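S.K.: Just one file: final.pdb, with PDB, C-alpha atoms.
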```pdb
ATOM      1  CA  MET A   1      47.612  17.674 101.724  1.00  0.00           C
ATOM      2  CA  MET A   2      47.801  13.865 101.528  1.00  0.00           C
ATOM      3  CA  ASN A   3      44.022  13.605 100.949  1.00  0.00           C
ATOM      4  CA  GLN A   4      44.207  16.135  98.105  1.00  0.00           C
ATOM      5  CA  ALA A   5      46.991  14.169  96.385  1.00  0.00           C
ATOM      6  CA  ARG A   6      45.025  10.948  96.825  1.00  0.00           C
ATOM      7  CA  TYR A   7      41.914  12.630  95.365  1.00  0.00           C
ATOM      8  CA  LEU A   8      43.875  13.896  92.323  1.00  0.00           C
ATOM      9  CA  MET A   9      45.364  10.435  91.725  1.00  0.00           C
ATOM     10  CA  CYS A  10      41.924   8.824  91.875  1.00  0.00           C
ATOM     11  CA  ALA A  11      40.442  11.449  89.543  1.00  0.00           C
ATOM     12  CA  ALA A  12      43.310  11.074  87.059  1.00  0.00           C
ATOM     13  CA  SER A  13      42.998   7.272  87.163  1.00  0.00           C
ATOM     14  CA  LEU A  14      39.252   7.439  86.598  1.00  0.00           C
ATOM     15  CA  LEU A  15      39.688   9.828  83.666  1.00  0.00           C
ATOM     16  CA  LEU A  16      42.308   7.567  82.085  1.00  0.00           C
ATOM     17  CA  LEU A  17      40.088   4.523  82.558  1.00  0.00           C
ATOM     18  CA  MET A  18      37.155   6.328  80.910  1.00  0.00           C
ATOM     19  CA  MET A  19      39.327   7.298  77.941  1.00  0.00           C
ATOM     20  CA  ILE A  20      40.629   3.759  77.475  1.00  0.00           C
ATOM     21  CA  HIS A  21      37.171   2.240  77.614  1.00  0.00           C
ATOM     22  CA  ALA A  22      35.376   4.926  75.590  1.00  0.00           C
ATOM     23  CA  PRO A  23      32.535   3.323  73.650  1.00  0.00           C
ATOM     24  CA  LEU A  24      33.066   2.816  69.936  1.00  0.00           C
ATOM     25  CA  SER A  25      29.785   4.615  69.282  1.00  0.00           C
ATOM     26  CA  ALA A  26      31.482   7.833  70.395  1.00  0.00           C
ATOM     27  CA  GLN A  27      33.928   7.387  67.534  1.00  0.00           C
ATOM     28  CA  SER A  28      33.299   8.324  63.956  1.00  0.00           C
ATOM     29  CA  PRO A  29      33.309   6.336  60.701  1.00  0.00           C
ATOM     30  CA  VAL A  30      35.264   9.151  59.025  1.00  0.00           C
ATOM     31  CA  GLY A  31      38.301   7.886  57.147  1.00  0.00           C
ATOM     32  CA  ARG A  32      39.331   5.598  54.316  1.00  0.00           C
ATOM     33  CA  TRP A  33      37.954   2.057  54.271  1.00  0.00           C
ATOM     34  CA  LYS A  34      38.868  -0.927  52.102  1.00  0.00           C
ATOM     35  CA  THR A  35      35.640  -2.570  50.955  1.00  0.00           C
ATOM     36  CA  ILE A  36      35.684  -6.358  51.064  1.00  0.00           C
ATOM     37  CA  ASP A  37      33.256  -8.281  48.859  1.00  0.00           C
ATOM     38  CA  ASP A  38      31.128 -10.477  51.129  1.00  0.00           C
ATOM     39  CA  LYS A  39      30.846 -13.181  48.443  1.00  0.00           C
ATOM     40  CA  THR A  40      34.465 -13.441  47.243  1.00  0.00           C
ATOM     41  CA  GLY A  41      36.378 -12.028  50.220  1.00  0.00           C
ATOM     42  CA  LYS A  42      38.389  -9.883  47.794  1.00  0.00           C
ATOM     43  CA  PRO A  43      39.012  -6.144  48.220  1.00  0.00           C
ATOM     44  CA  LYS A  44      36.985  -4.107  45.730  1.00  0.00           C
ATOM     45  CA  SER A  45      37.647  -0.437  46.465  1.00  0.00           C
ATOM     46  CA  ILE A  46      38.670   2.249  48.908  1.00  0.00           C
ATOM     47  CA  VAL A  47      35.771   4.369  50.134  1.00  0.00           C
ATOM     48  CA  GLU A  48      36.415   7.658  51.896  1.00  0.00           C
ATOM     49  CA  ILE A  49      33.728   8.426  54.485  1.00  0.00           C
ATOM     50  CA  TYR A  50      33.411  12.096  55.361  1.00  0.00           C
ATOM     51  CA  ALA A  51      31.120  14.334  57.402  1.00  0.00           C
ATOM     52  CA  TYR A  52      28.848  16.735  55.569  1.00  0.00           C
ATOM     53  CA  LYS A  53      26.676  18.918  57.808  1.00  0.00           C
ATOM     54  CA  ASP A  54      25.200  16.443  60.324  1.00  0.00           C
ATOM     55  CA  GLU A  55      25.476  13.389  58.051  1.00  0.00           C
ATOM     56  CA  PHE A  56      28.138  11.002  56.826  1.00  0.00           C
ATOM     57  CA  HIS A  57      28.740  10.309  53.143  1.00  0.00           C
ATOM     58  CA  GLY A  58      31.186   8.065  51.312  1.00  0.00           C
ATOM     59  CA  ARG A  59      32.808   8.204  47.891  1.00  0.00           C
ATOM     60  CA  ILE A  60      34.944   5.740  45.974  1.00  0.00           C
ATOM     61  CA  VAL A  61      38.524   7.002  45.780  1.00  0.00           C
ATOM     62  CA  GLU A  62      40.239   3.872  44.460  1.00  0.00           C
ATOM     63  CA  LEU A  63      39.203   0.689  42.627  1.00  0.00           C
ATOM     64  CA  PHE A  64      40.867  -2.719  42.708  1.00  0.00           C
ATOM     65  CA  ARG A  65      40.324  -4.300  39.321  1.00  0.00           C
ATOM     66  CA  GLU A  66      40.905  -7.827  38.050  1.00  0.00           C
ATOM     67  CA  PRO A  67      42.948  -8.325  34.856  1.00  0.00           C
ATOM     68  CA  GLY A  68      40.731  -7.596  31.875  1.00  0.00           C
ATOM     69  CA  GLU A  69      38.296  -5.412  33.831  1.00  0.00           C
ATOM     70  CA  ASP A  70      37.797  -1.790  32.846  1.00  0.00           C
ATOM     71  CA  PRO A  71      40.179   0.192  35.100  1.00  0.00           C
ATOM     72  CA  ASP A  72      37.896   3.249  35.098  1.00  0.00           C
ATOM     73  CA  PRO A  73      34.309   1.979  34.621  1.00  0.00           C
ATOM     74  CA  ILE A  74      31.171   4.040  34.300  1.00  0.00           C
ATOM     75  CA  CYS A  75      27.987   3.185  36.154  1.00  0.00           C
ATOM     76  CA  ASP A  76      25.605   2.509  33.285  1.00  0.00           C
ATOM     77  CA  LEU A  77      23.083   0.800  35.602  1.00  0.00           C
ATOM     78  CA  CYS A  78      23.021   3.541  38.247  1.00  0.00           C
ATOM     79  CA  PRO A  79      19.850   5.559  38.772  1.00  0.00           C
ATOM     80  CA  GLY A  80      19.288   9.301  38.384  1.00  0.00           C
ATOM     81  CA  ASP A  81      22.222  11.692  38.161  1.00  0.00           C
ATOM     82  CA  LYS A  82      24.703   8.861  38.785  1.00  0.00           C
ATOM     83  CA  LYS A  83      23.776   7.100  35.536  1.00  0.00           C
ATOM     84  CA  ASN A  84      26.726   6.959  33.111  1.00  0.00           C
ATOM     85  CA  GLN A  85      29.054   8.628  35.621  1.00  0.00           C
ATOM     86  CA  LYS A  86      32.527   7.319  36.436  1.00  0.00           C
ATOM     87  CA  THR A  87      32.520   4.969  39.399  1.00  0.00           C
ATOM     88  CA  LYS A  88      35.772   6.377  40.767  1.00  0.00           C
ATOM     89  CA  GLY A  89      34.896   9.566  42.611  1.00  0.00           C
ATOM     90  CA  MET A  90      31.214   8.637  42.875  1.00  0.00           C
ATOM     91  CA  THR A  91      29.343   9.136  46.156  1.00  0.00           C
ATOM     92  CA  ILE A  92      27.902   5.722  47.005  1.00  0.00           C
ATOM     93  CA  LEU A  93      26.944   6.330  50.649  1.00  0.00           C
ATOM     94  CA  TRP A  94      24.840   9.258  51.859  1.00  0.00           C
ATOM     95  CA  GLY A  95      22.478  10.475  54.541  1.00  0.00           C
ATOM     96  CA  MET A  96      23.951   8.463  57.434  1.00  0.00           C
ATOM     97  CA  LYS A  97      23.130   9.907  60.866  1.00  0.00           C
ATOM     98  CA  ALA A  98      24.283   8.815  64.306  1.00  0.00           C
ATOM     99  CA  LYS A  99      21.798   6.636  66.143  1.00  0.00           C
ATOM    100  CA  GLY A 100      22.520   4.366  69.079  1.00  0.00           C
ATOM    101  CA  SER A 101      25.809   2.565  68.604  1.00  0.00           C
ATOM    102  CA  GLY A 102      26.005   3.247  64.868  1.00  0.00           C
ATOM    103  CA  TRP A 103      24.764   5.299  61.933  1.00  0.00           C
ATOM    104  CA  GLU A 104      21.605   4.767  59.920  1.00  0.00           C
ATOM    105  CA  GLY A 105      18.867   6.456  57.932  1.00  0.00           C
ATOM    106  CA  GLY A 106      20.920   6.757  54.785  1.00  0.00           C
ATOM    107  CA  SER A 107      21.457   4.812  51.599  1.00  0.00           C
ATOM    108  CA  ILE A 108      24.203   2.884  49.873  1.00  0.00           C
ATOM    109  CA  LEU A 109      24.581   2.283  46.142  1.00  0.00           C
ATOM    110  CA  ASP A 110      26.033  -0.864  44.602  1.00  0.00           C
ATOM    111  CA  PRO A 111      27.637   0.581  41.448  1.00  0.00           C
ATOM    112  CA  LYS A 112      27.951  -2.892  39.916  1.00  0.00           C
ATOM    113  CA  THR A 113      24.168  -3.435  39.840  1.00  0.00           C
ATOM    114  CA  GLY A 114      22.853   0.115  40.224  1.00  0.00           C
ATOM    115  CA  ASP A 115      20.774  -0.992  43.228  1.00  0.00           C
ATOM    116  CA  VAL A 116      20.258   1.421  46.130  1.00  0.00           C
ATOM    117  CA  TYR A 117      19.734   0.019  49.620  1.00  0.00           C
ATOM    118  CA  SER A 118      18.915   1.389  53.045  1.00  0.00           C
ATOM    119  CA  CYS A 119      22.089   1.273  55.113  1.00  0.00           C
ATOM    120  CA  TYR A 120      23.334   0.775  58.650  1.00  0.00           C
ATOM    121  CA  LEU A 121      26.949   1.296  59.800  1.00  0.00           C
ATOM    122  CA  GLU A 122      28.547   0.137  63.036  1.00  0.00           C
ATOM    123  CA  LEU A 123      32.155   0.152  64.205  1.00  0.00           C
ATOM    124  CA  VAL A 124      33.112  -3.369  65.254  1.00  0.00           C
ATOM    125  CA  ASN A 125      36.451  -2.012  66.431  1.00  0.00           C
ATOM    126  CA  PRO A 126      38.514   1.029  65.403  1.00  0.00           C
ATOM    127  CA  ASN A 127      39.747  -0.828  62.293  1.00  0.00           C
ATOM    128  CA  LYS A 128      36.610  -2.682  61.173  1.00  0.00           C
ATOM    129  CA  LEU A 129      33.303  -1.203  59.989  1.00  0.00           C
ATOM    130  CA  LYS A 130      30.154  -3.305  59.641  1.00  0.00           C
ATOM    131  CA  VAL A 131      28.170  -2.137  56.597  1.00  0.00           C
ATOM    132  CA  ARG A 132      24.650  -3.536  56.247  1.00  0.00           C
ATOM    133  CA  GLY A 133      22.647  -2.811  53.110  1.00  0.00           C
ATOM    134  CA  PHE A 134      19.012  -3.881  53.075  1.00  0.00           C
ATOM    135  CA  ILE A 135      15.601  -3.432  51.512  1.00  0.00           C
ATOM    136  CA  GLY A 136      12.744  -2.710  53.910  1.00  0.00           C
ATOM    137  CA  VAL A 137      13.867  -4.453  57.085  1.00  0.00           C
ATOM    138  CA  SER A 138      17.445  -5.177  58.056  1.00  0.00           C
ATOM    139  CA  LEU A 139      16.831  -8.935  57.940  1.00  0.00           C
ATOM    140  CA  LEU A 140      16.577  -8.737  54.143  1.00  0.00           C
ATOM    141  CA  GLY A 141      20.049  -7.636  53.161  1.00  0.00           C
ATOM    142  CA  ARG A 142      23.789  -8.209  53.035  1.00  0.00           C
ATOM    143  CA  THR A 143      26.605  -7.356  55.391  1.00  0.00           C
ATOM    144  CA  GLN A 144      30.158  -6.441  54.488  1.00  0.00           C
ATOM    145  CA  TYR A 145      33.045  -5.704  56.843  1.00  0.00           C
ATOM    146  CA  TRP A 146      35.267  -2.894  55.654  1.00  0.00           C
ATOM    147  CA  GLU A 147      38.845  -2.507  56.889  1.00  0.00           C
ATOM    148  CA  LYS A 148      40.368   0.814  57.926  1.00  0.00           C
ATOM    149  CA  VAL A 149      43.130   2.058  55.641  1.00  0.00           C
ATOM    150  CA  GLN A 150      45.898   3.970  57.411  1.00  0.00           C
TER
END
```
Represent the structure of the file as structure tokens.
M.R.:
Amino acid sequence: MMNQARYLMCAASLLLLMMIHAPLSAQSPVGRWKTIDDKTGKPKSIVEIYAYKDEFHGRIVELFREPGEDPDPICDLCPGDKKNQKTKGMTILWGMKAKGSGWEGGSILDPKTGDVYSCYLELVNPNKLKVRGFIGVSLLGRTQYWEKVQ
């Protein structure tokens, strides 16, 4: 009886330890994220990342505008079906699939310039998402760190 109790305690402790130290890659980027401009350090928008089939997508749900800026701009430089659409509500992240410790294989749109980049996402911690947009190889790009919004 004592050995069985000891075994259960060890098993419960091991399970708890595994849950506490679960890798971030097992988590999901789903949620609302405050985008932080990598050049100015200022918040620009809230992007909601959601799962669609076996991919992750993200749409702008809120914009932070400076005084004098259009509070509800359209994307006149965006390509294809996004051209002349309102930025708020626009899907700017699509096609992201889990790979390794992050998500890749998709694209991200910069609605300010209309440029579309290949994209890589990685959770730095549960409240910080590394977003890397690049052309060709990852070395040629920019990185932003988005903050989780509760």
S.K.: Env of Leu123 in chain A: 9 Å cut, atoms = only C-alpha atoms, seq-sep filter 4 positions within chain, self excluded. Answer as a ChimeraX atom specification.
M.R.: /A:24-25,27-29,101-102,127-131
S.K.: Fewer than 3 positions away in the same chain doesn't count, so skip those; otherwise give me all residues within 12 Å of Leu121 in chain A, counting all atoms listed in the file, as a PyMOL selection string.
M.R.: chain A and resi 24-25+28-30+49+56-58+93-108+118+124+128-134+138+143-146
S.K.: Every residue with an atom at most 10 Å from (40.4, -1.4, 49.2) (file coordinates; only C-alpha atoms) is what I'm after, so could you write them as a VMD selection string?
M.R.: chain A and resid 32 to 37 42 to 47 60 to 64 146 to 149
S.K.: Which distance in Å separates CA of Thr40 in chain A and CA of Gly80 in chain A, to one decimal?
M.R.: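 CA of Gly80 in chain A lies at a distance of 28.7 Å from CA of Thr40 in chain A.
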S.K.: Would you mind reading off the distance between CA of Asn84 in chain A and CA of Pro67 in chain A, one decimal, in Å?
M.R.: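 Pair CA of Asn84 in chain A / CA of Pro67 in chain A returns 22.4 Å.
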S.K.: Could you work out how far CA of Asn125 in chain A lies from CA of Val137 in chain A, giving the answer in Å with one decimal?
M.R.: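 Computed distance, CA of Val137 in chain A to CA of Asn125 in chain A, equals 24.6 Å.
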S.K.: Ranking A:Arg142, A:Arg65, A:Lys53, A:Arg59 by minimum distance to Met90 in chain A and counting only C-alpha atoms, which one comes first?
M.R.: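 Counting only C-alpha atoms, the residue closest to Met90 in chain A is A:Arg59.
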